[in-house]
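To be precise, the following lines are structure34.csv, and they hold CSV, C-alpha atoms and all ligand atoms.
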```
chain,number,residue,atom,x,y,z
H,1,MET,CA,9.8,-14.3,-14.1
H,2,SER,CA,7.7,-11.5,-15.6
H,3,ALA,CA,9.1,-8.1,-16.5
H,4,PRO,CA,10.0,-5.6,-13.8
H,5,LEU,CA,7.3,-3.1,-13.0
H,6,LEU,CA,9.0,-1.0,-10.3
H,7,GLU,CA,12.7,-0.8,-9.7
H,8,LEU,CA,14.3,1.2,-6.9
H,9,ASN,CA,18.0,1.9,-7.0
H,10,ALA,CA,19.9,3.1,-3.9
H,11,LEU,CA,16.8,5.1,-2.9
H,12,THR,CA,17.4,7.3,0.1
H,13,THR,CA,14.8,9.5,1.9
H,14,TRP,CA,15.5,11.9,4.8
H,15,TYR,CA,13.1,13.8,7.0
H,16,PRO,CA,14.2,17.2,8.2
H,17,ILE,CA,14.3,17.8,12.0
H,18,ARG,CA,13.0,21.3,12.6
H,19,SER,CA,13.3,23.3,15.8
H,20,GLY,CA,13.3,26.8,17.2
H,21,LEU,CA,10.9,29.7,16.7
H,22,TRP,CA,11.5,29.8,12.9
H,23,SER,CA,11.4,26.0,12.5
H,24,ARG,CA,14.9,25.9,11.1
H,25,THR,CA,16.2,22.6,9.9
H,26,THR,CA,18.7,21.4,12.5
H,27,GLY,CA,19.3,17.9,11.2
H,28,TYR,CA,17.8,14.9,9.3
H,29,VAL,CA,16.3,11.5,10.1
H,30,GLU,CA,17.5,9.1,7.5
H,31,ALA,CA,14.4,6.9,7.1
H,32,LEU,CA,15.5,5.0,4.0
H,33,THR,CA,19.1,4.2,3.1
H,34,ASP,CA,20.3,2.9,-0.3
H,35,MET,CA,17.1,0.9,-0.8
H,36,ASN,CA,17.1,-1.5,-3.8
H,37,LEU,CA,13.9,-3.2,-4.7
H,38,THR,CA,12.2,-4.7,-7.7
H,39,VAL,CA,8.5,-5.5,-8.0
H,40,HIS,CA,7.7,-7.6,-11.1
H,41,GLU,CA,4.4,-7.4,-13.1
H,42,GLY,CA,1.7,-9.4,-11.3
H,43,GLU,CA,3.9,-10.0,-8.2
H,44,THR,CA,3.0,-9.3,-4.5
H,45,VAL,CA,6.1,-8.3,-2.6
H,46,GLY,CA,5.7,-8.2,1.2
H,47,ILE,CA,7.7,-5.6,3.1
H,48,VAL,CA,8.2,-6.6,6.8
H,49,GLY,CA,10.2,-5.0,9.6
H,50,GLU,CA,9.8,-3.5,13.0
H,51,SER,CA,8.1,-0.2,13.8
H,52,GLY,CA,10.1,2.8,12.6
H,53,CYS,CA,12.2,0.8,10.1
H,54,GLY,CA,11.0,2.9,7.2
H,55,LYS,CA,8.2,0.9,5.6
H,56,THR,CA,5.7,3.7,5.3
H,57,THR,CA,8.4,6.1,4.1
H,58,LEU,CA,9.2,3.6,1.4
H,59,GLY,CA,5.5,3.5,0.3
H,60,ARG,CA,5.2,7.3,0.5
H,61,THR,CA,8.3,7.8,-1.5
H,62,ILE,CA,7.2,5.4,-4.3
H,63,VAL,CA,3.8,7.0,-4.5
H,64,GLY,CA,5.3,10.5,-4.7
H,65,LEU,CA,4.3,11.9,-1.2
H,66,GLU,CA,7.9,12.2,-0.2
H,67,LYS,CA,10.8,13.3,-2.4
H,68,PRO,CA,13.8,11.0,-2.2
H,69,ARG,CA,17.1,12.6,-1.3
H,70,ALA,CA,19.1,10.3,-3.6
H,71,GLY,CA,18.7,7.3,-5.8
H,72,THR,CA,16.5,6.5,-8.7
H,73,MET,CA,13.2,4.9,-9.4
H,74,SER,CA,11.8,3.4,-12.6
H,75,PHE,CA,8.3,2.2,-13.5
H,76,HIS,CA,7.6,0.1,-16.6
H,77,SER,CA,11.3,0.6,-17.3
H,78,LYS,CA,10.9,4.4,-17.6
H,79,PRO,CA,12.3,6.9,-15.0
H,80,LEU,CA,9.8,7.6,-12.2
H,81,PRO,CA,10.3,11.1,-10.8
H,82,GLY,CA,10.3,11.5,-7.1
H,83,GLY,CA,7.7,13.9,-5.5
H,84,ILE,CA,5.1,15.5,-7.8
H,85,ARG,CA,4.9,13.7,-11.1
H,86,PRO,CA,2.8,13.8,-14.3
H,87,ALA,CA,-0.8,12.8,-13.6
H,88,ALA,CA,-0.7,9.9,-16.2
H,89,ILE,CA,2.1,8.3,-14.1
H,90,GLN,CA,0.7,9.3,-10.7
H,91,ARG,CA,-2.6,7.4,-11.3
H,92,GLN,CA,-0.8,4.1,-12.0
H,93,ILE,CA,0.5,3.8,-8.5
H,94,GLN,CA,-2.1,4.0,-5.7
H,95,MET,CA,-1.7,3.5,-1.9
H,96,ILE,CA,-4.1,2.1,0.7
H,97,PHE,CA,-3.5,3.1,4.3
H,98,GLN,CA,-4.0,1.4,7.7
H,99,ASP,CA,-6.9,3.4,9.1
H,100,PRO,CA,-10.0,2.9,6.9
H,101,ALA,CA,-11.9,5.7,8.6
H,102,ALA,CA,-9.2,8.4,8.5
H,103,ALA,CA,-8.7,7.9,4.8
H,104,LEU,CA,-12.3,8.7,3.9
H,105,ASN,CA,-13.6,12.3,4.1
H,106,PRO,CA,-16.7,11.9,6.4
H,107,ARG,CA,-18.5,14.7,4.6
H,108,LEU,CA,-18.5,13.1,1.2
H,109,SER,CA,-21.0,10.4,0.1
H,110,ILE,CA,-19.6,7.1,-1.2
H,111,LEU,CA,-20.5,8.3,-4.7
H,112,ASP,CA,-18.3,11.4,-4.3
H,113,LEU,CA,-15.5,9.4,-2.7
H,114,LEU,CA,-15.4,6.9,-5.5
H,115,THR,CA,-15.5,9.3,-8.3
H,116,GLU,CA,-13.6,12.4,-7.1
H,117,ALA,CA,-10.3,11.1,-8.6
H,118,LEU,CA,-12.0,10.2,-11.9
H,119,VAL,CA,-13.4,13.7,-12.1
H,120,TYR,CA,-10.1,15.3,-11.2
H,121,HIS,CA,-8.2,13.2,-13.8
H,122,ARG,CA,-11.0,13.9,-16.4
H,123,LEU,CA,-11.5,10.1,-16.9
H,124,LEU,CA,-15.2,9.9,-16.6
H,125,ASN,CA,-16.9,8.8,-19.8
H,126,GLU,CA,-20.1,7.4,-18.3
H,127,PRO,CA,-22.5,8.6,-15.6
H,128,ARG,CA,-20.8,8.9,-12.2
H,129,GLU,CA,-23.4,6.5,-10.6
H,130,GLN,CA,-22.5,3.8,-13.2
H,131,ALA,CA,-18.7,4.1,-12.6
H,132,ALA,CA,-19.2,4.1,-8.9
H,133,ALA,CA,-21.6,1.1,-8.8
H,134,ARG,CA,-19.1,-0.9,-10.8
H,135,LEU,CA,-16.4,-0.1,-8.4
H,136,LEU,CA,-18.6,-1.1,-5.5
H,137,SER,CA,-19.5,-4.4,-7.1
H,138,ASP,CA,-15.7,-5.1,-7.6
H,139,VAL,CA,-15.2,-4.9,-3.9
H,140,GLY,CA,-18.3,-6.8,-2.9
H,141,LEU,CA,-20.6,-4.0,-1.8
H,142,ASP,CA,-24.2,-3.2,-3.1
H,143,ALA,CA,-25.0,-0.2,-5.2
H,144,ASP,CA,-27.3,1.1,-2.4
H,145,ALA,CA,-24.1,2.2,-0.6
H,146,LEU,CA,-23.7,5.1,-3.2
H,147,HIS,CA,-25.7,7.7,-1.3
H,148,ARG,CA,-24.6,6.8,2.1
H,149,TYR,CA,-21.7,8.2,4.2
H,150,PRO,CA,-18.5,6.5,5.6
H,151,PHE,CA,-19.8,6.5,9.2
H,152,GLU,CA,-22.6,4.1,8.2
H,153,PHE,CA,-20.2,1.3,7.4
H,154,SER,CA,-18.1,-1.2,9.4
H,155,GLY,CA,-14.3,-1.1,9.4
H,156,GLY,CA,-14.1,-3.9,6.9
H,157,GLN,CA,-16.6,-2.3,4.6
H,158,ARG,CA,-14.8,1.1,4.8
H,159,GLN,CA,-11.5,-0.7,3.8
H,160,ARG,CA,-13.4,-2.2,0.9
H,161,ILE,CA,-14.4,1.4,-0.1
H,162,ASN,CA,-10.7,2.4,0.2
H,163,VAL,CA,-9.8,-0.5,-2.1
H,164,ALA,CA,-12.5,0.7,-4.6
H,165,ARG,CA,-11.0,4.2,-4.5
H,166,ALA,CA,-7.6,2.8,-5.2
H,167,LEU,CA,-9.0,0.8,-8.1
H,168,ALA,CA,-10.9,3.8,-9.7
H,169,LEU,CA,-7.9,5.0,-11.7
H,170,LYS,CA,-7.0,1.5,-13.0
H,171,PRO,CA,-3.5,1.4,-11.4
H,172,SER,CA,-1.0,-1.3,-12.1
H,173,LEU,CA,0.6,-1.1,-8.7
H,174,ILE,CA,-1.1,-0.7,-5.3
H,175,ILE,CA,0.9,-0.1,-2.1
H,176,CYS,CA,-1.0,-1.5,0.9
H,177,ASP,CA,0.4,0.0,4.1
H,178,GLU,CA,-0.8,-2.1,7.0
H,179,ALA,CA,-4.1,-2.2,5.0
H,180,VAL,CA,-5.7,-5.0,7.1
H,181,SER,CA,-3.9,-4.3,10.5
H,182,ALA,CA,-6.8,-2.4,12.0
H,183,LEU,CA,-9.4,-5.1,11.2
H,184,ASP,CA,-10.3,-8.1,13.2
H,185,VAL,CA,-8.9,-11.4,12.1
H,186,SER,CA,-12.0,-12.8,10.2
H,187,VAL,CA,-12.5,-9.5,8.4
H,188,GLN,CA,-8.8,-9.3,7.7
H,189,ALA,CA,-9.0,-12.7,5.9
H,190,GLN,CA,-11.9,-11.5,3.7
H,191,VAL,CA,-10.2,-8.3,2.7
H,192,LEU,CA,-7.0,-10.2,1.9
H,193,ASN,CA,-9.0,-12.6,-0.3
H,194,LEU,CA,-10.6,-9.7,-2.0
H,195,LEU,CA,-7.2,-8.2,-2.8
H,196,MET,CA,-6.0,-11.5,-4.2
H,197,ASP,CA,-9.2,-11.8,-6.4
H,198,LEU,CA,-8.7,-8.2,-7.7
H,199,LYS,CA,-5.1,-8.9,-8.5
H,200,GLU,CA,-6.1,-11.7,-10.8
H,201,LYS,CA,-9.0,-9.8,-12.3
H,202,TYR,CA,-7.0,-6.6,-13.0
H,203,ASN,CA,-3.5,-7.9,-13.3
H,204,LEU,CA,-2.3,-5.8,-10.4
H,205,SER,CA,0.9,-5.9,-8.5
H,206,TYR,CA,1.1,-5.2,-4.8
H,207,LEU,CA,3.7,-3.9,-2.4
H,208,PHE,CA,2.2,-5.2,0.8
H,209,ILE,CA,3.6,-3.4,3.9
H,210,THR,CA,3.0,-5.1,7.2
H,211,HIS,CA,4.5,-6.0,10.6
H,212,ASP,CA,2.4,-9.2,10.6
H,213,ILE,CA,4.4,-12.2,9.2
H,214,ASN,CA,1.2,-14.3,9.1
H,215,VAL,CA,-0.4,-11.8,6.8
H,216,VAL,CA,2.6,-11.6,4.6
H,217,ARG,CA,2.9,-15.4,4.5
H,218,PHE,CA,-0.6,-15.6,3.2
H,219,ILE,CA,-0.4,-12.9,0.5
H,220,ALA,CA,3.1,-12.4,-0.7
H,221,ASP,CA,5.2,-14.2,-3.4
H,222,ARG,CA,8.4,-12.7,-2.1
H,223,ILE,CA,9.4,-11.1,1.2
H,224,VAL,CA,11.7,-8.1,1.7
H,225,VAL,CA,12.9,-7.6,5.3
H,226,MET,CA,13.8,-4.1,6.4
H,227,HIS,CA,15.8,-3.0,9.4
H,228,GLN,CA,16.7,0.7,10.1
H,229,GLY,CA,15.9,1.9,6.6
H,230,ARG,CA,17.8,-0.9,4.7
H,231,VAL,CA,17.0,-4.2,3.2
H,232,VAL,CA,18.6,-7.0,5.3
H,233,GLU,CA,17.1,-10.0,3.5
H,234,GLU,CA,14.8,-10.9,0.7
H,235,GLY,CA,13.6,-14.1,-1.0
H,236,PRO,CA,10.6,-16.3,-1.8
H,237,THR,CA,8.1,-16.1,1.1
H,238,GLU,CA,8.4,-19.7,2.3
H,239,SER,CA,12.1,-19.9,2.2
H,240,VAL,CA,12.6,-16.6,4.1
H,241,ILE,CA,10.2,-17.8,6.8
H,242,THR,CA,11.4,-21.4,7.1
H,243,THR,CA,15.1,-20.7,6.7
H,244,PRO,CA,15.7,-17.1,7.6
H,245,ALA,CA,19.4,-16.1,6.8
H,246,HIS,CA,19.8,-12.8,8.7
H,247,PRO,CA,19.8,-12.7,12.5
H,248,TYR,CA,17.3,-9.9,12.4
H,249,THR,CA,14.8,-11.9,10.3
H,250,ARG,CA,15.2,-14.8,12.8
H,251,THR,CA,14.3,-12.5,15.7
H,252,LEU,CA,11.3,-11.2,13.8
H,253,ILE,CA,10.0,-14.7,13.0
H,254,ALA,CA,10.7,-16.0,16.5
H,255,ALA,CA,8.6,-13.2,17.9
H,256,VAL,CA,5.5,-14.6,16.2
H,257,PRO,CA,4.1,-17.3,18.5
H,258,THR,CA,1.5,-18.6,16.1
H,259,LEU,CA,3.9,-19.5,13.3
H,260,GLY,CA,3.7,-23.3,13.1
H,261,ALA,CA,4.7,-25.6,10.2
H,262,SER,CA,1.6,-25.1,8.1
H,263,PRO,CA,1.2,-22.0,5.8
H,264,ALA,CA,-1.2,-19.3,7.0
H,265,THR,CA,-4.8,-19.9,5.9
H,266,PRO,CA,-7.4,-17.3,6.3
H,267,PRO,CA,-10.0,-18.2,8.9
H,268,ALA,CA,-13.6,-18.4,7.8
H,269,GLY,CA,-15.9,-15.5,8.9
H,270,GLY,CA,-19.1,-13.6,8.1
H,271,MET,CA,-19.5,-10.7,5.7
H,272,ALA,CA,-17.0,-7.8,6.4
H,301,LIG,N1,7.2,13.2,9.0
H,301,LIG,C1,8.3,12.7,9.6
H,301,LIG,N2,9.2,13.6,10.1
H,301,LIG,C2,10.3,13.2,10.7
H,301,LIG,N3,10.6,11.9,10.9
H,301,LIG,C3,9.8,11.0,10.4
H,301,LIG,C4,8.5,11.3,9.8
H,301,LIG,N4,7.9,10.2,9.4
H,301,LIG,C5,8.6,9.2,9.8
H,301,LIG,N5,9.8,9.6,10.4
H,301,LIG,C6,10.8,8.8,11.0
H,301,LIG,O1,11.3,8.0,10.0
H,301,LIG,C7,11.6,6.7,10.4
H,301,LIG,C8,10.8,5.7,9.6
H,301,LIG,O2,9.4,5.9,9.8
H,301,LIG,P1,8.3,5.0,9.1
H,301,LIG,O3,7.0,5.7,9.5
H,301,LIG,O4,8.6,5.0,7.7
H,301,LIG,O5,8.4,3.6,9.8
H,301,LIG,P2,7.4,2.3,9.7
H,301,LIG,O6,8.3,1.2,9.4
H,301,LIG,O7,6.3,2.6,8.7
H,301,LIG,O8,6.9,2.2,11.2
H,301,LIG,P3,5.5,1.6,11.7
H,301,LIG,O9,5.6,0.1,11.6
H,301,LIG,O10,5.4,2.1,13.1
H,301,LIG,O11,4.4,2.2,10.8
H,301,LIG,C9,11.3,6.7,11.9
H,301,LIG,O12,12.5,6.9,12.6
H,301,LIG,C10,10.3,7.8,12.0
H,301,LIG,O13,10.4,8.3,13.3
H,302,MG,MG,4.2,2.7,9.0
```

Can the structure from this file be put into structure tokens for me?
Ligand SMILES: Nc1ncnc2c1ncn2[C@@H]1O[C@H](COP(=O)(O)OP(=O)(O)OP(=O)(O)O)[C@@H](O)[C@H]1O
Ligand SMILES: [Mg+2]
Amino acid sequence: MSAPLLELNALTTWYPIRSGLWSRTTGYVEALTDMNLTVHEGETVGIVGESGCGKTTLGRTIVGLEKPRAGTMSFHSKPLPGGIRPAAIQRQIQMIFQDPAAALNPRLSILDLLTEALVYHRLLNEPREQAAARLLSDVGLDADALHRYPFEFSGGQRQRINVARALALKPSLIICDEAVSALDVSVQAQVLNLLMDLKEKYNLSYLFITHDINVVRFIADRIVVMHQGRVVEEGPTESVITTPAHPYTRTLIAAVPTLGASPATPPAGGMA
């Protein structure tokens, strides 16, 4: 197996519960508890689990949007600080969210949306249009999209734009949080295929968060099952699905009516 890219050791994240006139902290929600996880270079790890089990919190903690309460993270075998971190590290881990529309500022053109991070990180060494057109072509969109605005695109196209934004800083790890859940099934398949192609092209690793076992079966090399903020089972995708060891995993799989004997294949469809 290739070298570890991301390693989490006993990672624990709490959210404060605030109440009263002065929003005083009166308690904590323990969203992640003693989470251990490794993502190897070039690997796609699927995170599954019921709503509220801590999947998004895991992604947000890795990407630095939440500060862990305890535990350690390392990236490329070097310590990865929780919360705000040096820009050179920050840009190597990107996150794509569920709602393609909400993630795009409606007042910015596609050109601005695709190049704002490059400008912020001072990484532009060519005309903005050129960099943005290359990103668009990577995600299968024409360069004439550059001067248009998010509302002019379909859900699948908007998610392609979000993928292009995530690619702009040449990350090595992309966290996809329910990245295809809001799309209809044929468009879902196209975006999943796009993500697989980009993984090969740019040697990416993915942490693929989803509640959909069919999606994870199609895309992931390994599955990690979470329950109430903890890992309850992990292993190669097919073996976790065909011979789940933990009772919770069995329940999760039994709840998927479409899971037959054959591996999930993406249905054919038109252009997203
Ligand atoms: N900002 C917050 N403040 C307080 N509690 C939160 C906050 N965000 C999440 N939580 C709580 O933390 C726990 C984990 O939430 P999280 O959003 O990580 O779950 P999830 O697995 O992503 O769920 P879903 O599948 O519904 O997206 C839940 O109990 C949730 O209510
Ligand atoms: Mg979530």

List the neighbours of region 86-95 of chain H out to 7 Å using all atoms listed in the file; skip same-chain residues closer than 4 positions along the sequence, and give me the result as a PDB file with C-alpha atoms, in the frame of the given file.
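Saved as result-v8.pdb:
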```
ATOM      1  CA  VAL H  63       3.800   7.000  -4.500  1.00  0.00           C
ATOM      2  CA  ALA H 166      -7.600   2.800  -5.200  1.00  0.00           C
ATOM      3  CA  LEU H 169      -7.900   5.000 -11.700  1.00  0.00           C
ATOM      4  CA  LYS H 170      -7.000   1.500 -13.000  1.00  0.00           C
ATOM      5  CA  PRO H 171      -3.500   1.400 -11.400  1.00  0.00           C
ATOM      6  CA  SER H 172      -1.000  -1.300 -12.100  1.00  0.00           C
ATOM      7  CA  LEU H 173       0.600  -1.100  -8.700  1.00  0.00           C
ATOM      8  CA  ILE H 174      -1.100  -0.700  -5.300  1.00  0.00           C
ATOM      9  CA  ILE H 175       0.900  -0.100  -2.100  1.00  0.00           C
ATOM     10  CA  CYS H 176      -1.000  -1.500   0.900  1.00  0.00           C
TER      11      CYS H 176
END
```

Which value, in Å to one decimal, gives the distance between CA of Ala31 (chain H) and CA of Leu65 (chain H)?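 Result for CA of Ala31 (chain H) versus CA of Leu65 (chain H): 14.0 Å, one decimal.
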
Show me which residues are within 12 Å of ligand LIG 301 (chain H) counting all atoms listed in the file, and format the list as a ChimeraX atom specification. /H:12-19,25-33,47-61,65-67,97-99,176-179,181,208-212,225-231

If you measure from CA of Glu233 (chain H) to CA of Ala245 (chain H), what distance in Å do you get, rounded to one decimal?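 Going from CA of Glu233 (chain H) over to CA of Ala245 (chain H) covers 7.3 Å.
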
Using only C-alpha atoms, collect all residues at a distance of at most 12 Å from (9.3, -13.1, 3.1) as written in the file, then present them as a short mmCIF file (atom, residue, chain, number, x, y, z; two decimals) with C-alpha atoms, keeping the file's coordinate frame.
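So result-v7.cif came out as:
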```
data_model
loop_
_atom_site.label_atom_id
_atom_site.label_comp_id
_atom_site.auth_asym_id
_atom_site.auth_seq_id
_atom_site.Cartn_x
_atom_site.Cartn_y
_atom_site.Cartn_z
CA THR H 44 3.00 -9.30 -4.50
CA VAL H 45 6.10 -8.30 -2.60
CA GLY H 46 5.70 -8.20 1.20
CA ILE H 47 7.70 -5.60 3.10
CA VAL H 48 8.20 -6.60 6.80
CA GLY H 49 10.20 -5.00 9.60
CA PHE H 208 2.20 -5.20 0.80
CA ILE H 209 3.60 -3.40 3.90
CA THR H 210 3.00 -5.10 7.20
CA HIS H 211 4.50 -6.00 10.60
CA ASP H 212 2.40 -9.20 10.60
CA ILE H 213 4.40 -12.20 9.20
CA ASN H 214 1.20 -14.30 9.10
CA VAL H 215 -0.40 -11.80 6.80
CA VAL H 216 2.60 -11.60 4.60
CA ARG H 217 2.90 -15.40 4.50
CA PHE H 218 -0.60 -15.60 3.20
CA ILE H 219 -0.40 -12.90 0.50
CA ALA H 220 3.10 -12.40 -0.70
CA ASP H 221 5.20 -14.20 -3.40
CA ARG H 222 8.40 -12.70 -2.10
CA ILE H 223 9.40 -11.10 1.20
CA VAL H 224 11.70 -8.10 1.70
CA VAL H 225 12.90 -7.60 5.30
CA MET H 226 13.80 -4.10 6.40
CA VAL H 231 17.00 -4.20 3.20
CA VAL H 232 18.60 -7.00 5.30
CA GLU H 233 17.10 -10.00 3.50
CA GLU H 234 14.80 -10.90 0.70
CA GLY H 235 13.60 -14.10 -1.00
CA PRO H 236 10.60 -16.30 -1.80
CA THR H 237 8.10 -16.10 1.10
CA GLU H 238 8.40 -19.70 2.30
CA SER H 239 12.10 -19.90 2.20
CA VAL H 240 12.60 -16.60 4.10
CA ILE H 241 10.20 -17.80 6.80
CA THR H 242 11.40 -21.40 7.10
CA THR H 243 15.10 -20.70 6.70
CA PRO H 244 15.70 -17.10 7.60
CA ALA H 245 19.40 -16.10 6.80
CA HIS H 246 19.80 -12.80 8.70
CA THR H 249 14.80 -11.90 10.30
CA ARG H 250 15.20 -14.80 12.80
CA LEU H 252 11.30 -11.20 13.80
CA ILE H 253 10.00 -14.70 13.00
#
```

Expressed in Å, the length from CA of Gln130 (chain H) to CA of Ala102 (chain H) is 25.9 Å

Tell me which protein, DNA and RNA residues are within 8 Å of Glu7 (chain H), counting only C-alpha atoms, leaving out same-chain ones fewer than 4 positions away, and put them as number ranges by chain. H: 36-39, 73-75, 77

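Nearest residue to Ala143 (chain H) among H:Gln157, H:Leu111, H:Glu116, H:Met1 is H:Leu111, counting all atoms listed in the file.
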
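Taking all atoms listed in the file into account, Tyr202 (chain H) lies nearest to H:Gly42 out of the set H:Gly156, H:Gly42, H:Pro127, H:Pro106.
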
Nearest candidate to ligand MG 302 (chain H) (options H:Leu21, H:Ala255, H:Ala3, H:Ile96; using all atoms listed in the file): H:Ile96
